[in-house]
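Peer 1: Sharing entry_5.cif (mmCIF, C-alpha atoms) below.
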data_data
#
loop_
_atom_site.label_atom_id
_atom_site.label_comp_id
_atom_site.auth_asym_id
_atom_site.auth_seq_id
_atom_site.Cartn_x
_atom_site.Cartn_y
_atom_site.Cartn_z
CA MET A 99 203.94 15.40 173.85
CA GLN A 100 203.99 19.19 173.87
CA THR A 101 200.90 20.68 172.24
CA GLU A 102 199.33 24.08 172.02
CA THR A 103 195.76 25.12 171.33
CA ARG A 104 194.74 26.75 168.09
CA LYS A 105 191.38 27.26 166.38
CA LEU A 106 190.03 25.06 163.62
CA LEU A 107 187.63 27.10 161.48
CA THR A 108 185.46 24.98 159.18
CA VAL A 109 183.43 26.63 156.43
CA ILE A 110 180.97 24.66 154.31
CA CYS A 111 179.60 26.67 151.41
CA GLU A 112 178.51 26.48 147.80
CA ALA A 113 181.40 25.69 145.48
CA SER A 114 180.90 28.84 143.44
CA LEU A 115 182.14 30.84 146.44
CA GLU A 116 185.41 28.95 146.75
CA ALA A 117 187.69 31.49 145.08
CA ARG A 118 186.21 34.42 146.97
CA VAL A 119 186.33 32.75 150.36
CA ILE A 120 189.93 31.65 149.83
CA ALA A 121 190.92 35.19 148.91
CA ASP A 122 189.23 36.48 152.09
CA VAL A 123 190.84 33.81 154.27
CA GLU A 124 194.32 34.65 153.03
CA ARG A 125 193.82 38.38 153.21
CA LEU A 126 192.65 38.11 156.83
CA GLY A 127 195.86 36.40 157.85
CA ALA A 128 195.48 32.64 157.67
CA ARG A 129 198.66 30.87 156.62
CA GLY A 130 197.05 27.90 154.93
CA TYR A 131 193.83 26.09 154.28
CA THR A 132 192.47 22.73 153.13
CA ILE A 133 189.60 22.28 150.69
CA THR A 134 187.53 19.17 150.17
CA GLU A 135 184.48 18.61 148.06
CA ALA A 136 181.36 18.10 150.10
CA ARG A 137 177.75 17.01 149.81
CA GLY A 138 174.87 17.41 152.18
CA LYS A 139 171.56 18.95 153.04
CA GLY A 140 170.62 22.14 154.81
CA GLY A 141 168.50 25.24 154.79
CA ARG A 142 168.98 25.65 151.05
CA GLY A 143 168.06 22.10 150.12
CA VAL A 144 170.02 19.02 149.14
CA ARG A 145 173.40 19.91 147.68
CA ASP A 146 174.44 16.63 146.13
CA ALA A 147 177.22 17.79 143.77
CA GLY A 148 175.38 16.09 140.91
CA TRP A 149 176.69 18.94 138.79
CA ASP A 150 178.64 22.11 139.49
CA ARG A 151 175.70 24.32 140.48
CA SER A 152 174.76 22.03 143.36
CA ALA A 153 178.25 21.31 144.68
CA ASN A 154 179.58 22.29 148.09
CA VAL A 155 183.09 22.69 149.39
CA ARG A 156 184.45 22.34 152.91
CA ILE A 157 187.25 24.76 153.71
CA GLU A 158 189.28 24.17 156.85
CA VAL A 159 191.66 26.69 158.36
CA VAL A 160 193.83 26.21 161.42
CA CYS A 161 194.87 29.58 162.83
CA ASP A 162 195.09 31.64 166.02
CA ALA A 163 191.94 32.83 167.74
CA PRO A 164 191.91 36.47 166.54
CA THR A 165 192.33 35.39 162.92
CA ALA A 166 189.56 32.80 163.25
CA SER A 167 187.28 35.41 164.72
CA ALA A 168 188.11 37.96 162.00
CA ILE A 169 187.45 35.45 159.23
CA ALA A 170 184.21 34.23 160.81
CA THR A 171 182.88 37.76 161.23
CA HIS A 172 183.82 38.73 157.69
CA LEU A 173 182.19 35.65 156.16
CA ARG A 174 179.05 36.10 158.22
CA ASP A 175 178.67 39.74 157.16
CA HIS A 176 179.34 39.16 153.48
CA TYR A 177 177.84 35.80 152.58
CA TYR A 178 175.31 34.52 155.10
CA GLU A 179 172.39 36.47 153.69
CA HIS A 180 172.44 35.23 150.11
CA PHE A 181 174.58 32.12 149.95
CA ALA A 182 174.47 28.59 151.23
CA MET A 183 177.12 28.70 153.97
CA ILE A 184 177.71 27.48 157.51
CA LEU A 185 180.82 27.78 159.62
CA PHE A 186 181.95 26.66 163.02
CA VAL A 187 185.04 27.01 165.15
CA ALA A 188 186.61 24.40 167.40
CA ASP A 189 189.70 24.13 169.57
CA VAL A 190 192.38 21.82 168.29
CA GLU A 191 195.72 20.72 169.67
CA VAL A 192 198.64 21.26 167.33
CA LEU A 193 202.27 20.23 167.61
CA ARG A 194 203.93 23.02 165.67
CA ALA A 195 202.05 26.07 166.93
CA GLU A 196 204.28 28.53 165.09
CA LYS A 197 202.91 27.21 161.79
CA PHE A 198 199.47 28.52 162.56
CA GLY A 199 200.08 32.07 163.76
CA PRO A 200 201.34 33.54 167.01
CA GLY A 201 198.33 32.53 169.11
CA ALA A 202 199.10 31.98 172.81
CA GLY A 203 196.04 33.88 173.89
CA ARG A 204 196.88 37.05 171.99
CA GLY A 205 193.98 39.43 172.59
CA LEU A 206 191.98 36.74 174.37
CA PRO A 207 190.48 36.66 177.84
CA MET B 221 159.60 9.95 114.49
CA ASN B 222 161.25 12.28 116.96
CA VAL B 223 160.48 9.98 119.85
CA LEU B 224 162.59 7.29 118.24
CA ASP B 225 165.65 9.50 118.11
CA PRO B 226 168.01 7.47 120.29
CA VAL B 227 169.68 10.50 121.88
CA VAL B 228 166.30 11.81 122.99
CA LEU B 229 165.46 8.37 124.36
CA PHE B 230 168.58 8.61 126.54
CA PHE B 231 167.09 11.78 128.00
CA VAL B 232 163.83 9.93 128.62
CA LEU B 233 165.80 7.14 130.31
CA GLY B 234 167.45 9.70 132.60
CA VAL B 235 164.08 11.18 133.49
CA ALA B 236 162.56 7.76 134.14
CA ALA B 237 165.50 6.64 136.27
CA GLY B 238 165.28 9.88 138.23
CA LEU B 239 161.55 9.55 138.78
CA MET B 240 161.97 5.99 140.01
CA ARG B 241 164.73 7.16 142.35
CA SER B 242 167.37 4.97 140.81
CA ASP B 243 170.84 5.48 142.22
CA LEU B 244 172.09 6.13 138.69
CA ARG B 245 174.25 9.19 138.26
CA LEU B 246 177.14 10.24 136.12
CA PRO B 247 180.18 11.02 138.27
CA SER B 248 180.51 14.80 138.18
CA ALA B 249 183.98 14.61 136.62
CA VAL B 250 182.52 12.55 133.77
CA TYR B 251 179.71 15.04 133.33
CA ASP B 252 182.27 17.87 133.18
CA PHE B 253 184.28 15.95 130.60
CA VAL B 254 181.24 15.21 128.45
CA THR B 255 180.22 18.87 128.60
CA MET B 256 183.74 19.93 127.56
CA LEU B 257 183.70 17.57 124.60
CA LEU B 258 180.33 18.90 123.44
CA LEU B 259 181.39 22.52 123.75
CA LEU B 260 184.65 21.93 121.89
CA ALA B 261 183.01 19.82 119.19
CA ILE B 262 180.36 22.46 118.56
CA GLY B 263 183.00 25.20 118.50
CA LEU B 264 185.29 23.28 116.13
CA LYS B 265 182.52 22.52 113.71
CA GLY B 266 181.42 26.14 113.63
CA GLY B 267 184.99 27.37 113.26
CA VAL B 268 185.68 25.19 110.23
CA GLU B 269 182.61 26.63 108.53
CA LEU B 270 183.48 30.13 109.63
CA SER B 271 186.73 30.00 107.66
CA ARG B 272 184.62 29.65 104.50
CA GLN B 273 182.33 32.62 105.16
CA PRO B 274 182.99 36.20 104.13
CA LEU B 275 182.73 38.56 107.08
CA ALA B 276 180.53 40.95 105.07
CA VAL B 277 177.77 38.33 105.06
CA LEU B 278 178.19 37.42 108.71
CA ALA B 279 178.56 40.82 110.35
CA PRO B 280 174.96 42.04 109.86
CA GLN B 281 173.61 38.65 110.99
CA MET B 282 175.80 38.73 114.08
CA LEU B 283 174.58 42.22 114.96
CA ALA B 284 170.96 41.19 114.54
CA VAL B 285 171.49 38.15 116.77
CA VAL B 286 173.09 40.25 119.50
CA GLY B 287 170.10 42.59 119.23
CA MET B 288 167.82 39.62 119.82
CA GLY B 289 169.90 38.65 122.87
CA LEU B 290 169.33 42.14 124.30
CA LEU B 291 165.63 42.16 123.46
CA LEU B 292 164.54 38.80 124.91
CA PRO B 293 165.34 39.53 128.58
CA LEU B 294 163.70 42.94 128.25
CA LEU B 295 160.53 41.17 127.14
CA ALA B 296 160.71 38.52 129.84
CA TYR B 297 161.38 40.87 132.75
CA PRO B 298 158.07 42.79 132.84
CA VAL B 299 156.11 39.55 132.50
CA LEU B 300 157.93 38.02 135.45
CA HIS B 301 158.00 41.13 137.60
CA TYR B 302 154.52 42.53 137.02
CA ALA B 303 152.39 39.58 135.93
CA GLY B 304 154.25 36.99 137.98
CA ARG B 305 154.88 39.29 140.98
CA LEU B 306 158.40 38.01 141.36
CA ALA B 307 160.91 40.15 143.24
CA ARG B 308 163.04 42.41 141.07
CA ALA B 309 166.23 40.37 141.48
CA ASP B 310 164.48 37.07 140.78
CA ALA B 311 162.66 38.44 137.72
CA ALA B 312 165.88 39.92 136.34
CA SER B 313 167.84 36.73 136.91
CA ILE B 314 165.22 34.52 135.26
CA ALA B 315 164.97 37.00 132.37
CA ALA B 316 168.73 36.70 131.86
CA HIS B 317 168.48 32.90 131.77
CA TYR B 318 165.78 33.05 129.10
CA GLY B 319 167.57 35.66 127.01
CA SER B 320 170.70 33.52 126.90
CA VAL B 321 171.09 30.12 125.27
CA SER B 322 171.59 26.48 126.18
CA VAL B 323 174.40 24.72 124.38
CA GLY B 324 172.85 21.35 125.18
CA THR B 325 169.69 22.34 123.33
CA TYR B 326 171.80 23.52 120.39
CA ALA B 327 173.51 20.13 120.29
CA VAL B 328 170.15 18.38 120.19
CA VAL B 329 168.72 20.54 117.40
CA ALA B 330 171.91 20.10 115.36
CA ALA B 331 171.67 16.31 115.78
CA TYR B 332 167.93 16.39 115.03
CA LEU B 333 168.39 18.26 111.76
CA SER B 334 171.35 16.24 110.55
CA ALA B 335 169.48 13.00 111.28
CA ARG B 336 166.75 14.27 108.93
CA GLY B 337 169.16 15.45 106.28
CA VAL B 338 168.11 19.09 106.76
CA ALA B 339 171.01 21.42 105.99
CA PHE B 340 171.67 24.50 108.11
CA GLU B 341 174.35 27.17 108.31
CA GLU B 342 177.16 25.33 110.07
CA TYR B 343 178.62 28.55 111.44
CA MET B 344 175.66 28.78 113.87
CA PRO B 345 177.93 28.15 116.91
CA VAL B 346 179.09 31.74 116.45
CA PHE B 347 175.54 32.77 117.30
CA VAL B 348 175.59 30.50 120.34
CA VAL B 349 178.63 32.34 121.67
CA LEU B 350 177.16 35.75 120.84
CA LEU B 351 173.85 34.93 122.52
CA GLU B 352 175.46 33.80 125.77
CA MET B 353 176.50 37.26 126.85
CA PRO B 354 174.12 40.18 126.11
CA ALA B 355 171.34 38.76 128.29
CA ILE B 356 173.69 38.53 131.28
CA VAL B 357 174.52 42.22 131.04
CA VAL B 358 170.85 43.15 130.61
CA GLY B 359 169.89 40.94 133.56
CA ILE B 360 172.48 42.56 135.83
CA LEU B 361 171.33 46.04 134.82
CA LEU B 362 167.68 45.11 135.38
CA ALA B 363 168.49 43.79 138.84
CA ARG B 364 170.87 46.47 140.06
CA GLY B 365 170.48 49.49 137.81
CA TRP B 366 173.48 51.31 136.40
CA ASN B 367 175.79 52.28 139.22
CA ALA B 368 179.45 52.32 140.11
CA GLN B 369 178.92 49.46 142.53
CA ASN B 370 178.88 46.97 139.70
CA HIS B 371 182.33 45.44 139.62
CA TRP B 372 182.39 45.08 135.87
CA GLY B 373 186.00 43.89 135.85
CA GLU B 374 185.23 40.92 138.06
CA LEU B 375 181.90 40.35 136.30
CA GLY B 376 183.56 40.54 132.91
CA ARG B 377 185.84 37.69 133.92
CA GLU B 378 182.84 35.70 135.08
CA ILE B 379 181.02 36.36 131.79
CA PHE B 380 183.80 36.06 129.23
CA LEU B 381 186.04 33.52 130.91
CA GLY B 382 183.44 31.05 132.10
CA LYS B 383 184.26 27.57 130.81
CA GLY B 384 181.36 27.59 128.33
CA VAL B 385 182.49 30.71 126.53
CA VAL B 386 186.19 29.78 126.66
CA LEU B 387 185.68 26.31 125.21
CA LEU B 388 183.21 27.40 122.54
CA THR B 389 185.29 30.36 121.45
CA GLY B 390 188.49 28.32 121.69
CA GLY B 391 186.95 25.59 119.54
CA LEU B 392 185.75 28.18 117.03
CA LEU B 393 189.22 29.72 116.75
CA ILE B 394 190.98 26.37 116.45
CA GLY B 395 188.51 25.20 113.82
CA TRP B 396 188.83 28.49 111.98
CA ALA B 397 192.65 28.42 112.06
CA ALA B 398 193.00 24.74 111.18
CA GLY B 399 190.28 24.47 108.55
CA ALA B 400 188.43 21.35 107.46
CA GLU B 401 191.54 19.32 106.65
CA GLY B 402 193.44 20.46 109.69
CA VAL B 403 190.83 19.17 112.14
CA GLN B 404 190.50 15.82 110.36
CA PRO B 405 192.95 13.98 112.65
CA ILE B 406 190.97 14.94 115.77
CA GLY B 407 187.61 14.43 114.07
CA ALA B 408 187.31 10.86 115.34
CA LEU B 409 186.95 12.14 118.89
CA PHE B 410 184.97 15.31 118.33
CA PHE B 411 182.75 14.55 115.33
CA ASP B 412 182.38 10.77 114.96
CA LEU B 413 181.64 10.27 118.65
CA PHE B 414 179.43 13.34 118.89
CA LYS B 415 176.12 11.51 119.08
CA GLY B 416 177.34 9.03 121.66
CA ILE B 417 178.68 11.83 123.83
CA LEU B 418 175.43 13.71 123.40
CA ALA B 419 173.54 10.60 124.52
CA LEU B 420 175.54 10.38 127.74
CA PHE B 421 175.10 14.10 128.31
CA LEU B 422 171.33 13.82 127.86
CA LEU B 423 171.14 10.86 130.23
CA GLU B 424 172.60 13.05 132.97
CA MET B 425 170.42 16.00 131.92
CA GLY B 426 167.36 13.80 132.41
CA LEU B 427 168.49 13.05 135.96
CA ILE B 428 169.21 16.73 136.62
CA ALA B 429 165.84 17.78 135.20
CA VAL B 430 164.04 15.43 137.59
CA SER B 431 166.08 16.72 140.53
CA GLN B 432 164.65 20.18 139.84
CA LEU B 433 161.04 19.03 140.19
CA GLY B 434 160.94 19.50 143.95
CA ASP B 435 162.02 23.12 143.61
CA LEU B 436 159.59 23.58 140.78
CA ARG B 437 156.68 22.50 142.93
CA ARG B 438 157.57 25.23 145.38
CA CYS B 439 157.79 27.88 142.62
CA GLY B 440 154.20 27.53 141.63
CA LEU B 441 152.26 27.27 138.43
CA PHE B 442 153.08 30.71 137.08
CA LEU B 443 156.76 29.95 136.62
CA ALA B 444 156.07 26.53 135.09
CA GLY B 445 153.67 28.16 132.62
CA PHE B 446 156.18 30.91 131.84
CA ALA B 447 158.85 28.28 131.17
CA ILE B 448 156.74 26.89 128.32
CA VAL B 449 154.92 29.93 126.96
CA PHE B 450 157.86 32.33 126.87
CA PRO B 451 160.07 29.95 124.84
CA LEU B 452 157.26 29.62 122.31
CA LEU B 453 157.19 33.40 121.96
CA SER B 454 161.01 33.62 121.71
CA ALA B 455 160.98 30.85 119.11
CA LEU B 456 158.63 32.98 117.04
CA ILE B 457 160.99 35.94 117.35
CA GLY B 458 164.08 33.82 116.61
CA GLY B 459 162.41 32.03 113.72
CA GLY B 460 161.12 35.31 112.32
CA LEU B 461 164.58 36.82 112.55
CA GLY B 462 166.16 33.81 110.83
CA TRP B 463 163.64 34.06 108.03
CA ALA B 464 164.13 37.83 107.68
CA LEU B 465 167.92 37.36 107.57
CA GLY B 466 167.49 34.93 104.71
CA LEU B 467 168.81 31.86 106.53
CA SER B 468 167.99 28.42 105.18
CA MET B 469 165.05 26.55 106.66
CA GLY B 470 167.40 24.54 108.88
CA GLY B 471 169.10 27.75 110.00
CA THR B 472 165.74 29.25 110.89
CA VAL B 473 164.87 26.21 113.01
CA VAL B 474 168.22 26.48 114.79
CA LEU B 475 167.82 30.20 115.50
CA ALA B 476 164.26 29.62 116.75
CA THR B 477 165.54 26.87 119.05
CA LEU B 478 168.40 29.03 120.32
CA ALA B 479 165.98 31.84 121.11
CA ALA B 480 163.66 29.41 122.88
CA SER B 481 166.39 27.80 124.98
CA ALA B 482 167.36 28.98 128.44
CA SER B 483 170.91 29.01 129.77
CA TYR B 484 171.94 26.80 132.66
CA ILE B 485 175.74 27.07 132.64
CA ALA B 486 177.00 30.59 131.95
CA VAL B 487 174.11 32.62 133.30
CA PRO B 488 173.61 30.87 136.66
CA ALA B 489 177.31 31.28 137.45
CA ALA B 490 177.33 34.96 136.51
CA MET B 491 174.06 35.74 138.27
CA ARG B 492 175.17 33.98 141.44
CA MET B 493 178.08 36.38 141.67
CA ALA B 494 176.43 39.55 140.33
CA VAL B 495 172.94 39.24 141.80
CA PRO B 496 173.31 36.95 144.82
CA GLN B 497 169.94 37.93 146.28
CA ALA B 498 168.18 36.21 143.37
CA ASN B 499 167.10 32.71 144.33
CA PRO B 500 169.04 30.38 141.99
CA SER B 501 166.61 27.50 142.41
CA LEU B 502 163.81 29.46 140.70
CA SER B 503 165.66 30.03 137.45
CA LEU B 504 167.25 26.58 137.40
CA ALA B 505 163.96 24.83 138.11
CA ALA B 506 162.35 26.68 135.20
CA ALA B 507 165.26 26.36 132.77
CA LEU B 508 166.22 22.75 133.55
CA GLY B 509 163.03 21.29 134.93
CA VAL B 510 160.66 22.62 132.28
CA THR B 511 162.19 24.48 129.35
CA PHE B 512 165.01 22.10 128.49
CA PRO B 513 162.79 18.97 128.42
CA PHE B 514 160.04 20.89 126.62
CA ASN B 515 162.40 22.06 123.90
CA ILE B 516 164.02 18.73 123.18
CA LEU B 517 160.85 16.64 123.36
CA ILE B 518 158.25 18.96 121.83
CA GLY B 519 159.75 22.33 120.93
CA ILE B 520 162.28 21.34 118.28
CA PRO B 521 159.85 19.24 116.19
CA LEU B 522 157.30 22.03 116.58
CA TYR B 523 159.71 24.75 115.38
CA HIS B 524 160.68 22.47 112.50
CA ALA B 525 157.03 22.03 111.49
CA ALA B 526 156.41 25.77 111.75
CA ALA B 527 159.50 26.58 109.67
CA ARG B 528 158.21 24.25 106.95
CA LEU B 529 155.22 26.57 106.58
CA LEU B 530 157.56 29.55 106.12
CA TYR B 531 159.59 27.71 103.50
CA PRO B 532 157.02 25.99 101.30
CA ASP B 533 159.59 24.81 98.76
CA GLY B 534 161.86 23.10 101.26
CA ALA B 535 165.23 24.86 101.61
#
Is it possible to express this structure as structure tokens?
Peer 2:
Amino acid sequence: MQTETRKLLTVICEASLEARVIADVERLGARGYTITEARGKGGRGVRDAGWDRSANVRIEVVCDAPTASAIATHLRDHYYEHFAMILFVADVEVLRAEKFGPGAGRGLP
Amino acid sequence: MNVLDPVVLFFVLGVAAGLMRSDLRLPSAVYDFVTMLLLLAIGLKGGVELSRQPLAVLAPQMLAVVGMGLLLPLLAYPVLHYAGRLARADAASIAAHYGSVSVGTYAVVAAYLSARGVAFEEYMPVFVVLLEMPAIVVGILLARGWNAQNHWGELGREIFLGKGVVLLTGGLLIGWAAGAEGVQPIGALFFDLFKGILALFLLEMGLIAVSQLGDLRRCGLFLAGFAIVFPLLSALIGGGLGWALGLSMGGTVVLATLAASASYIAVPAAMRMAVPQANPSLSLAAALGVTFPFNILIGIPLYHAAARLLYPDGA
């Protein structure tokens, strides 16, 4: 099986940010994303989705490394201070690399 | 007598279940649906009545009500900022919540009055819509000042196209266009079931109110006190305005209750976007954890009793 490495960027944030984060993700070059509703607990308390103000979403983006880094930096600078948000990046193996951006170490060490 | 109101008892059940840590909760899609039904039902009812009212009578009342919506946050802000020593953004955001209205509280006062056979101006939902917005604008200006950085286009969408305003206004327009006979076929869902829907809504509100208690404990006594004392003051202003405008006794009770209520749908959403540095758990803990329960359990009967003194001969 021929695979290539891409980045999986996972953002978990308050649901009221969904539209803004999606707009940012697309503008910064991601070709797609997946959103799921999420519940949990963190630095801003229990977010149990009992009603819309306490709901979270989990936004996943598979993209090349420079895009992942651009999105992560942008989100950190714009939302970390005032909103409930965490994000993390992981390597994933994908079969159709061309779907997720050029990649192949572009601009990477 | 009020305690025996079954819809209020549903709220008490929600609170009790929450306090005992029951796993009871309304699925959030059901809660959304119930909220939609309430908003539409309130809008429709108001719209039907609106079609019977001459604009010349309504326009001055509407202006006065908007004026009240601008005034209340301006009164709340200095209390919160100077007496309560809250940060500017927090004080402004809480002030906006208390200047705006809670549709859930309106639904309870409407049910309370109709259960007692007290008539009120049925076009009151117009005032609910009008009171949603001015406080948001005042709150944003208090928090950020007047500068070009305010993205009013984006904020306008948040304020005017939030689901609360869209459903209420939509209901008003449909009711107004269709008239009393036109809405009859859908009345079974929106009017006959109103109390049952309200009961379900209040059950969930009881659970939500309890879930705010943890945050409330962290906010301190000042905010809890504010969440009871300020609504009493706003009820005086709202009741006084209703009386001065020549509303019926029921109408005066409704306007007092609207003034006393604090928003928890439209304002939190708008403030989250416009003033993100304000801590949302402060305003929600006060509005949902204290003011909402206070109004439906104690406030409404109190405003009713007070209005009776203003209207010695009944209506």
Peer 1: Output the residue selection produced by the PyMOL selection byres ((chain B and resi 463) around 10) on the file above, formatted as a list in words.
Peer 2: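 This file gives the following for the PyMOL selection byres ((chain B and resi 463) around 10): Ile457, Gly458, Gly459, Gly460, Leu461, Gly462, Ala464, Leu465, Gly466, Leu467, Ser468, Met469, Gly471, Thr472, Val473, Leu475, Ala476, Ala527, Leu530 and Tyr531 of chain B.
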Peer 1: Go through the shown structure with the PyMOL selection byres ((chain B) within 7 of (chain A)) and write out the matching residues as a list in words.
Peer 2: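 When the PyMOL selection byres ((chain B) within 7 of (chain A)) is applied, the selected residues are Ser248, Pro496 and Gln497 of chain B.
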Peer 1: For the residues in that selection, give me C-alpha atoms as a compact mmCIF listing (two decimals), in the frame of the given file.
Peer 2:
# COMPACT_ATOMS: atom_id res chain seq x y z
CA SER B 248 180.51 14.80 138.18
CA PRO B 496 173.31 36.95 144.82
CA GLN B 497 169.94 37.93 146.28
Peer 1: Measuring between all atoms listed in the file, which one of A:Val159, A:Leu173, A:Gly199, A:Glu191 shows the shortest distance to Leu107 of chain A?
Peer 2: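 That would be A:Val159, the residue with the smallest distance to Leu107 of chain A.
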Peer 1: Find, counting all atoms listed in the file, the residue in A:Ala136, A:Val119, A:Ala166, A:Ala182 that gets nearest to Arg492 of chain B.
Peer 2: A:Ala182
Peer 1: Which value, in Å to one decimal, gives the distance between atom CA of Ser501 of chain B and atom CA of Lys139 of chain A?
Peer 2: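 Answer for the atom CA of Ser501 of chain B to atom CA of Lys139 of chain A separation: 14.5 Å.
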Peer 1: Output the residue selection produced by the PyMOL selection byres ((chain B and resi 265) around 12) on the file above, formatted as a PyMOL selection string.
Peer 2: chain B and resi 258-264+266-272+327+330+341-346+388-404+406-407+410-412+414
Peer 1: Give me, as a list in words, all polymer residues having an atom no more than 7 Å from Leu185 of chain A, counting only C-alpha atoms and skipping those fewer than 5 positions away in the same chain.
Peer 2: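 Here the answer would be Thr108, Val109 and Ile110 of chain A.
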Peer 1: Mind pulling up the distance from atom CA of Leu422 of chain B to atom CA of Pro521 of chain B?
Peer 2: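 Separation between atom CA of Pro521 of chain B and atom CA of Leu422 of chain B: 17.2 Å.
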Peer 1: Can you tell me which residues surround Arg129 of chain A at a distance of at most 12 Å, considering all atoms listed in the file, apart from same-chain residues fewer than 6 positions away, and format the answer as a list of chain:residue names?
Peer 2: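 In the requested format, the answer is A:Ile120, A:Ala121, A:Asp122, A:Val123, A:Glu158, A:Val159, A:Val160, A:Cys161, A:Asp162, A:Thr165, A:Ala166, A:Ala195, A:Glu196, A:Lys197, A:Phe198, A:Gly199, A:Pro200.
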Peer 1: Residues of the last selection are to be written out with C-alpha atoms, as an mmCIF file, keeping the file's coordinate frame.
Peer 2:
data_model
loop_
_atom_site.group_PDB
_atom_site.id
_atom_site.type_symbol
_atom_site.label_atom_id
_atom_site.label_comp_id
_atom_site.auth_asym_id
_atom_site.auth_seq_id
_atom_site.Cartn_x
_atom_site.Cartn_y
_atom_site.Cartn_z
ATOM 1 C CA ILE A 120 189.930 31.650 149.830
ATOM 2 C CA ALA A 121 190.920 35.190 148.910
ATOM 3 C CA ASP A 122 189.230 36.480 152.090
ATOM 4 C CA VAL A 123 190.840 33.810 154.270
ATOM 5 C CA GLU A 158 189.280 24.170 156.850
ATOM 6 C CA VAL A 159 191.660 26.690 158.360
ATOM 7 C CA VAL A 160 193.830 26.210 161.420
ATOM 8 C CA CYS A 161 194.870 29.580 162.830
ATOM 9 C CA ASP A 162 195.090 31.640 166.020
ATOM 10 C CA THR A 165 192.330 35.390 162.920
ATOM 11 C CA ALA A 166 189.560 32.800 163.250
ATOM 12 C CA ALA A 195 202.050 26.070 166.930
ATOM 13 C CA GLU A 196 204.280 28.530 165.090
ATOM 14 C CA LYS A 197 202.910 27.210 161.790
ATOM 15 C CA PHE A 198 199.470 28.520 162.560
ATOM 16 C CA GLY A 199 200.080 32.070 163.760
ATOM 17 C CA PRO A 200 201.340 33.540 167.010
#
Peer 1: Pick the closest to Asp189 of chain A from A:Ala163, A:His176, A:Ile133, A:Ala113: which is it, counting all atoms listed in the file?
Peer 2: A:Ala163
Peer 1: For Gly324 of chain B, which of B:Pro513, B:Pro488, B:Gly382, B:Gly337 is the closest residue, counting only C-alpha atoms?
Peer 2: B:Pro513
Peer 1: Which residues come within 7 Å of segment 435-442 of chain B, counting all atoms listed in the file, excluding same-chain residues fewer than 5 positions away, as a VMD selection string?
Peer 2: chain B and resid 304 501 to 502 505 to 506
Peer 1: Would you compute an axis-aligned box for segment 285-298 of chain B, covering every atom listed for it in the file with 8 Å of margin on each side, and report centre and edge lengths in Å to one decimal as lines of an AutoDock Vina configuration file?
Peer 2:
center_x = 165.6
center_y = 40.5
center_z = 124.8
size_x = 31.0
size_y = 20.8
size_z = 32.1
Peer 1: Quote the spacing between atom CA of Glu124 of chain A and atom CA of Val386 of chain B in Å to one decimal place.
Peer 2: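 Taking atom CA of Glu124 of chain A and atom CA of Val386 of chain B, their separation equals 28.0 Å.
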Peer 1: Please identify all polymer residues within 8 Å of Ala188 of chain A, counting all atoms listed in the file, omitting same-chain residues fewer than 2 positions from it, and present them as a PyMOL selection string.
Peer 2: chain A and resi 105-107+186+190
Peer 1: So which one's closest to Ile520 of chain B, B:Tyr326, B:Phe253, B:Phe231, B:Tyr318? Using all atoms listed in the file, please.
Peer 2: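 So, comparing all the options, the nearest one is B:Tyr326.
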